[in-house]
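Colleague: One structure is given below, represented as structure tokens, and several questions about it will come after.
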Amino acid sequence: MIKDILDKKRLGNSLTKKELEFIFMGYLKGIVESCQMSSLLMAICIHGLSRREVFDLTDIFIKSGEVLDFSDLSGIKVDKHSTGGIGDKTTLVVAPVVASLGIPVIKMSGRGLGYTGGTIDKLESIKGFRTDLSNQEIHDAVSKIGIVITGQTADLVPLDRAIYALRDITGTTSSIPLIAISIMSKKIAGGADKILLDVKYGKGALISTIDDAKSLGDLMVEIGEKYGREVRYVMTDMNTPLGSCVGNSIELVEAVDVLRGVSKGALYDLCVELASHMVSMAKKISVSSAEKLVIEVLHNDEAYKKFVQLVKNQGGDINSATVSLDKFEVFSKKSGVIKGIDALEIGKLSLCLGAGRLTQDDIIDHSVGIFIEKNVGERVDIGDLLMTLYINRKNKFKVKDTIFDIQ
């Protein structure tokens, strides 16, 4: 039967829910081999999935584990997910902003695999910060302080965890249907009432083009509607890194600066936009009205206080994150205006410094990272400082002259 299913999808035909369940759950149970599932994933990448297949497979993913229920907690629970990009630390800002406005935030985040760390890696820059909370601890945290950020529990959509690991090593991570199923199955199983999605595109993101980003966003909205969830999405250009910092501890520091209202720019603007949509959905008010509330808590330190409360409640010391004392400075070799900063090359460089991982078992160095000194649109002269690298001298790296497009 496995061969028949593989042949059917290889020829571009649709699979029934029974066939999808047989092979996907068979893989989770160890009946279907990795090479067979890899073959199916590649066929899906090539031929795609019909809408029915997408809905069926999402349901199979959700039902592969437990579905969390926070209905006993007051308030509308709004979750946020980013498809990821170089320098993306928005959750560190947006979650405490929203929670400081009395909206419960239950955020399950992941580790990074690739060029930089994920939200969990950034939070683990803080000594003692726990990211392995049980379901009861998650519930207790939200009841007590209105916010929790933790890793995905072992029993939440285990099929996604198994399939994602295989997708990463088989070159099938860019499939729009598979991305949509992965994200939405976790959001729905995680108990969110409403969902905001930050769909990123460009050199520094999983999705390359704005058209593909829109297709992904539209598909996730459709999945949400099937489960009675309001879903909104925004699209973010990630051809340039988000913010000035790329790494783990260094991104955490930048996020704190935004929370304290002392850092402005693209990161601040995006965090305000995302938080405003979440507040709009939760309080059933206009986005413009929500934006006023968001800006207020960023400027009166309430958002920062909520972040400090989050860190303390999960065992962390807010003052413990450190950045490497070893620096390597990169200077401009030409004069002109910065037309672009290659997010992908910045990501590759951060990986070489030790800020990312190639496999799930790799150990990252939280202290290394990149501070981008000059932004797109600025004029520079020969000898001007472009980047400061915070390094571990054990790791070899080379800085490409093409990172900054200076004309």
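FYI, nothing fancy with the structure tokens labels: chains A, B, ... in order, residues from 1 per chain, ligands from 1 as they appear.
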Can you list, as a PyMOL selection string, every protein, DNA or RNA residue that comes within 10 Å of Ser34 of chain A when you count only C-alpha atoms, leaving out same-chain residues fewer than 6 positions away?
Modeller: chain A and resi 27-28+40+163+166
Colleague: Output N, CA and C atoms for every residue in the selection just made, as a tab-separated table (two decimals), in the first residue's frame.
Modeller:
```
chain	number	residue	atom	x	y	z
A	27	TYR	N	4.52	6.77	9.60
A	27	TYR	CA	5.89	7.27	9.79
A	27	TYR	C	6.13	7.61	11.26
A	28	LEU	N	5.14	8.25	11.90
A	28	LEU	CA	5.29	8.61	13.31
A	28	LEU	C	5.46	7.36	14.17
A	40	LEU	N	7.67	10.90	-0.49
A	40	LEU	CA	6.35	11.53	-0.52
A	40	LEU	C	6.46	13.04	-0.35
A	163	ILE	N	7.93	15.25	11.13
A	163	ILE	CA	7.97	15.61	9.71
A	163	ILE	C	8.89	16.80	9.47
A	166	LEU	N	12.49	15.86	9.20
A	166	LEU	CA	12.79	15.21	7.93
A	166	LEU	C	12.79	16.22	6.78
```
Colleague: Using only C-alpha atoms, what does the table of segment 2-121 of chain A residues within 10 Å of segment 347-366 of chain A look like, with each row giving the shortest atom pair and its distance in Å to one decimal, sorted by chain and ascending number, as CSV?
Modeller:
```
residue,atom,partner,partner_atom,distance
A:Gly85,CA,A:Gly347,CA,8.9
A:Ile86,CA,A:Gly347,CA,5.9
A:Gly87,CA,A:Gly347,CA,8.3
A:Arg111,CA,A:Gln360,CA,8.5
A:Gly112,CA,A:Gly356,CA,6.9
A:Leu113,CA,A:Arg357,CA,5.5
A:Gly114,CA,A:Leu358,CA,5.4
A:Tyr115,CA,A:Gly347,CA,4.9
A:Thr116,CA,A:Gly356,CA,4.1
A:Gly117,CA,A:Gly356,CA,5.2
A:Gly118,CA,A:Gly356,CA,8.7
A:Asp121,CA,A:His366,CA,7.7
```
Colleague: Grab the atom CA of Ile44 of chain A to atom CA of Pro158 of chain A distance for me, in Å with one decimal place.
Modeller: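 Taking atom CA of Ile44 of chain A as the start and atom CA of Pro158 of chain A as the end point, the length is 20.1 Å.
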Colleague: Between atom CA of Ile76 of chain A and atom CA of Tyr164 of chain A, what is the distance in Å, rounded to a tenth?
Modeller: 29.4 Å
Colleague: Quick one: everything within 12 Å of Leu73 of chain A, counting only C-alpha atoms, minus sequence neighbours fewer than 5 positions away in the same chain. Send it as a list in words.
Modeller: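 Residues meeting the cut-off are Ile103, Pro104, Val105, Ile106, Ile138, His139, Asp140, Ala141, Val142, Ser143, Lys144, Ile145, Gly146, Ile147, Gly191, Ala192 and Asp193 of chain A.
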Colleague: Go ahead and save the picked residues with C-alpha atoms, as a PDB file, in the first residue's frame.
Modeller:
```pdb
ATOM      1  CA  ILE A 103      -4.628  40.074  27.113  1.00  0.00           C
ATOM      2  CA  PRO A 104      -3.480  36.529  27.994  1.00  0.00           C
ATOM      3  CA  VAL A 105      -0.505  35.425  25.890  1.00  0.00           C
ATOM      4  CA  ILE A 106       0.306  31.722  25.591  1.00  0.00           C
ATOM      5  CA  ILE A 138       1.870  26.915  31.353  1.00  0.00           C
ATOM      6  CA  HIS A 139      -1.660  27.201  32.718  1.00  0.00           C
ATOM      7  CA  ASP A 140      -0.386  28.451  36.101  1.00  0.00           C
ATOM      8  CA  ALA A 141       1.864  31.084  34.512  1.00  0.00           C
ATOM      9  CA  VAL A 142      -0.954  32.569  32.460  1.00  0.00           C
ATOM     10  CA  SER A 143      -3.278  32.536  35.487  1.00  0.00           C
ATOM     11  CA  LYS A 144      -0.636  34.273  37.616  1.00  0.00           C
ATOM     12  CA  ILE A 145       0.930  36.911  35.330  1.00  0.00           C
ATOM     13  CA  GLY A 146      -0.959  36.649  32.021  1.00  0.00           C
ATOM     14  CA  ILE A 147       1.964  35.511  29.870  1.00  0.00           C
ATOM     15  CA  GLY A 191      -5.595  26.527  22.134  1.00  0.00           C
ATOM     16  CA  ALA A 192      -5.496  29.965  20.500  1.00  0.00           C
ATOM     17  CA  ASP A 193      -8.818  31.753  19.953  1.00  0.00           C
TER      18      ASP A 193
END
```
Colleague: Write down as a VMD selection string the residues of segment 216-329 of chain A whose backbone DSSP state falls under helix (DSSP H, G or I).
Modeller: chain A and resid 216 to 226 249 to 259 266 to 283 287 to 299 302 to 313
Colleague: Among segment 108-255 of chain A, which residues does DSSP mark as strand (DSSP E or B) when it is run on the backbone? Keep the chain and numbering as in the structure and answer as a PyMOL selection string.
Modeller: chain A and resi 108-109+114+147-151+194-201+205+207+230-237+245-247
Colleague: Output N, CA, C and O atoms for every residue in the selection just made, as a compact mmCIF listing (two decimals), in the first residue's frame.
Modeller:
```
# COMPACT_ATOMS: atom_id res chain seq x y z
N MET A 108 4.01 29.36 22.41
CA MET A 108 4.93 28.23 22.29
C MET A 108 5.82 28.48 21.09
O MET A 108 5.34 28.62 19.97
N SER A 109 7.11 28.56 21.35
CA SER A 109 8.07 28.92 20.31
C SER A 109 9.07 27.78 20.12
O SER A 109 9.10 26.82 20.88
N GLY A 114 19.44 26.49 11.46
CA GLY A 114 19.90 27.23 10.30
C GLY A 114 20.76 28.40 10.72
O GLY A 114 21.62 28.26 11.58
N ILE A 147 1.07 35.75 31.01
CA ILE A 147 1.96 35.51 29.87
C ILE A 147 2.87 34.32 30.14
O ILE A 147 3.31 34.10 31.28
N VAL A 148 3.15 33.57 29.08
CA VAL A 148 4.14 32.51 29.14
C VAL A 148 4.74 32.35 27.74
O VAL A 148 4.04 32.48 26.74
N ILE A 149 6.06 32.14 27.70
CA ILE A 149 6.72 31.79 26.44
C ILE A 149 7.54 30.54 26.72
O ILE A 149 8.44 30.55 27.57
N THR A 150 7.21 29.47 26.05
CA THR A 150 7.86 28.19 26.33
C THR A 150 8.04 27.40 25.06
O THR A 150 7.51 27.77 24.00
N GLY A 151 8.80 26.31 25.15
CA GLY A 151 8.95 25.42 24.02
C GLY A 151 7.69 24.59 23.83
O GLY A 151 6.88 24.46 24.75
N LYS A 194 -7.67 33.35 18.57
CA LYS A 194 -7.40 34.14 17.36
C LYS A 194 -5.91 34.08 17.08
O LYS A 194 -5.09 33.95 18.00
N ILE A 195 -5.55 34.19 15.80
CA ILE A 195 -4.16 33.95 15.39
C ILE A 195 -3.69 35.07 14.47
O ILE A 195 -4.35 35.40 13.48
N LEU A 196 -2.52 35.64 14.79
CA LEU A 196 -1.88 36.61 13.91
C LEU A 196 -0.61 35.99 13.34
O LEU A 196 0.19 35.42 14.07
N LEU A 197 -0.45 36.12 12.04
CA LEU A 197 0.70 35.53 11.35
C LEU A 197 1.57 36.62 10.72
O LEU A 197 1.06 37.54 10.07
N ASP A 198 2.85 36.52 10.94
CA ASP A 198 3.83 37.41 10.31
C ASP A 198 4.54 36.60 9.23
O ASP A 198 5.42 35.80 9.52
N VAL A 199 4.12 36.80 7.98
CA VAL A 199 4.65 36.01 6.87
C VAL A 199 5.78 36.79 6.21
O VAL A 199 5.56 37.85 5.62
N LYS A 200 6.98 36.27 6.33
CA LYS A 200 8.17 36.98 5.85
C LYS A 200 8.61 36.45 4.49
O LYS A 200 8.47 35.27 4.21
N TYR A 201 9.16 37.35 3.68
CA TYR A 201 9.64 36.96 2.35
C TYR A 201 10.94 37.69 2.04
O TYR A 201 11.23 38.74 2.62
N ALA A 205 14.49 35.01 4.41
CA ALA A 205 13.30 34.29 4.89
C ALA A 205 13.16 32.96 4.16
O ALA A 205 13.83 32.70 3.16
N ILE A 207 10.39 32.02 2.63
CA ILE A 207 9.64 32.30 1.41
C ILE A 207 10.38 33.39 0.62
O ILE A 207 10.75 34.42 1.19
N GLU A 230 -10.40 33.17 13.88
CA GLU A 230 -10.07 34.37 13.11
C GLU A 230 -8.56 34.42 12.93
O GLU A 230 -7.80 34.33 13.90
N VAL A 231 -8.13 34.55 11.68
CA VAL A 231 -6.70 34.59 11.37
C VAL A 231 -6.42 35.83 10.52
O VAL A 231 -7.10 36.08 9.53
N ARG A 232 -5.45 36.59 10.93
CA ARG A 232 -4.96 37.71 10.12
C ARG A 232 -3.49 37.48 9.83
O ARG A 232 -2.79 36.78 10.56
N TYR A 233 -3.01 38.11 8.76
CA TYR A 233 -1.57 38.04 8.51
C TYR A 233 -1.06 39.35 7.94
O TYR A 233 -1.79 40.11 7.31
N VAL A 234 0.21 39.63 8.25
CA VAL A 234 0.93 40.74 7.64
C VAL A 234 2.13 40.15 6.92
O VAL A 234 2.59 39.06 7.25
N MET A 235 2.63 40.86 5.93
CA MET A 235 3.79 40.39 5.18
C MET A 235 4.97 41.33 5.43
O MET A 235 4.81 42.55 5.40
N THR A 236 6.13 40.74 5.70
CA THR A 236 7.31 41.51 6.06
C THR A 236 8.45 41.23 5.09
O THR A 236 8.80 40.07 4.84
N ASP A 237 9.03 42.29 4.56
CA ASP A 237 10.19 42.18 3.66
C ASP A 237 11.42 41.83 4.48
O ASP A 237 11.82 42.58 5.38
N CYS A 245 20.64 44.03 15.16
CA CYS A 245 21.37 42.93 15.79
C CYS A 245 20.96 41.57 15.24
O CYS A 245 19.78 41.33 15.00
N VAL A 246 21.93 40.70 15.08
CA VAL A 246 21.69 39.32 14.68
C VAL A 246 22.52 38.42 15.59
O VAL A 246 23.75 38.57 15.67
N GLY A 247 21.88 37.50 16.26
CA GLY A 247 22.54 36.61 17.20
C GLY A 247 21.53 36.13 18.22
O GLY A 247 20.36 35.96 17.90
```
Colleague: Considering only C-alpha atoms, can you say which of A:Phe70, A:Phe328, A:Tyr390, A:Tyr304 comes closest to Val98 of chain A?
Modeller: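 Nearest candidate to Val98 of chain A out of A:Phe70, A:Phe328, A:Tyr390, A:Tyr304: A:Tyr304.
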Colleague: Show which residues sit within 12 Å of Ser39 of chain A, as an MDAnalysis selection string. Count only C-alpha atoms, and ignore same-chain residues fewer than 5 positions away.
Modeller: chainID A and resid 2:3 5:10 23 32:34 44:46 166:167 170:172
Colleague: Out of A:Asp59, A:Asp401, A:Asp88, A:Asp342, which residue has the shortest atom-to-atom distance to Tyr227 of chain A when counting only C-alpha atoms?
Modeller: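 Ranked by minimum distance to Tyr227 of chain A, first place goes to A:Asp59.
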Colleague: Could you list, as a ChimeraX atom specification, every residue within 12 Å of Leu219 of chain A, counting only C-alpha atoms and ignoring same-chain residues fewer than 3 positions away?
Modeller: /A:49-52,54-55,58,176-181,183-184,197,199,212-216,222-226,231-233
Colleague: Can you tell me, as a PyMOL selection string, what residues are no more than 10 Å from segment 378-385 of chain A when counting only C-alpha atoms, ignoring any on the same chain fewer than 4 positions away?
Modeller: chain A and resi 329-339+372-374+406-407
Colleague: Could you check which of A:Ile295, A:Leu259, A:Ala266, A:Leu252 is closest to Ser320 of chain A, using only C-alpha atoms?
Modeller: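 Comparing A:Ile295, A:Leu259, A:Ala266, A:Leu252 against Ser320 of chain A, the winner is A:Leu252.
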Colleague: Record the distance separating atom CA of Ser324 of chain A and atom CA of Gly377 of chain A, expressed in Å with one decimal.
Modeller: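 Separation of atom CA of Ser324 of chain A and atom CA of Gly377 of chain A: 28.9 Å.
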Colleague: Find the residues around Ala321 of chain A up to 9 Å (only C-alpha atoms counted), leave out those fewer than 5 positions away in its own chain, and share them as an MDAnalysis selection string.
Modeller: chainID A and resid 124:127 249:250 252:253 366:367
Colleague: Calculated over only C-alpha atoms, which of the candidates A:Ala154, A:Ile318, A:Met238, A:Val221 has the smallest distance to Leu206 of chain A?
Modeller: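 The answer is A:Met238, which sits nearest to Leu206 of chain A.
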Colleague: Measuring atom to atom with only C-alpha atoms, identify which of A:Ser100, A:Ser64, A:Thr173, A:Gln36 is nearest to Lys305 of chain A.
Modeller: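 So, comparing all the options, the nearest one is A:Ser100.
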Colleague: Here is a test: counting only C-alpha atoms, which residue of A:Gly102, A:Ile120, A:Thr91, A:Lys283 is nearest to Leu270 of chain A?
Modeller: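 Using only C-alpha atoms, Leu270 of chain A sits closest to A:Thr91.
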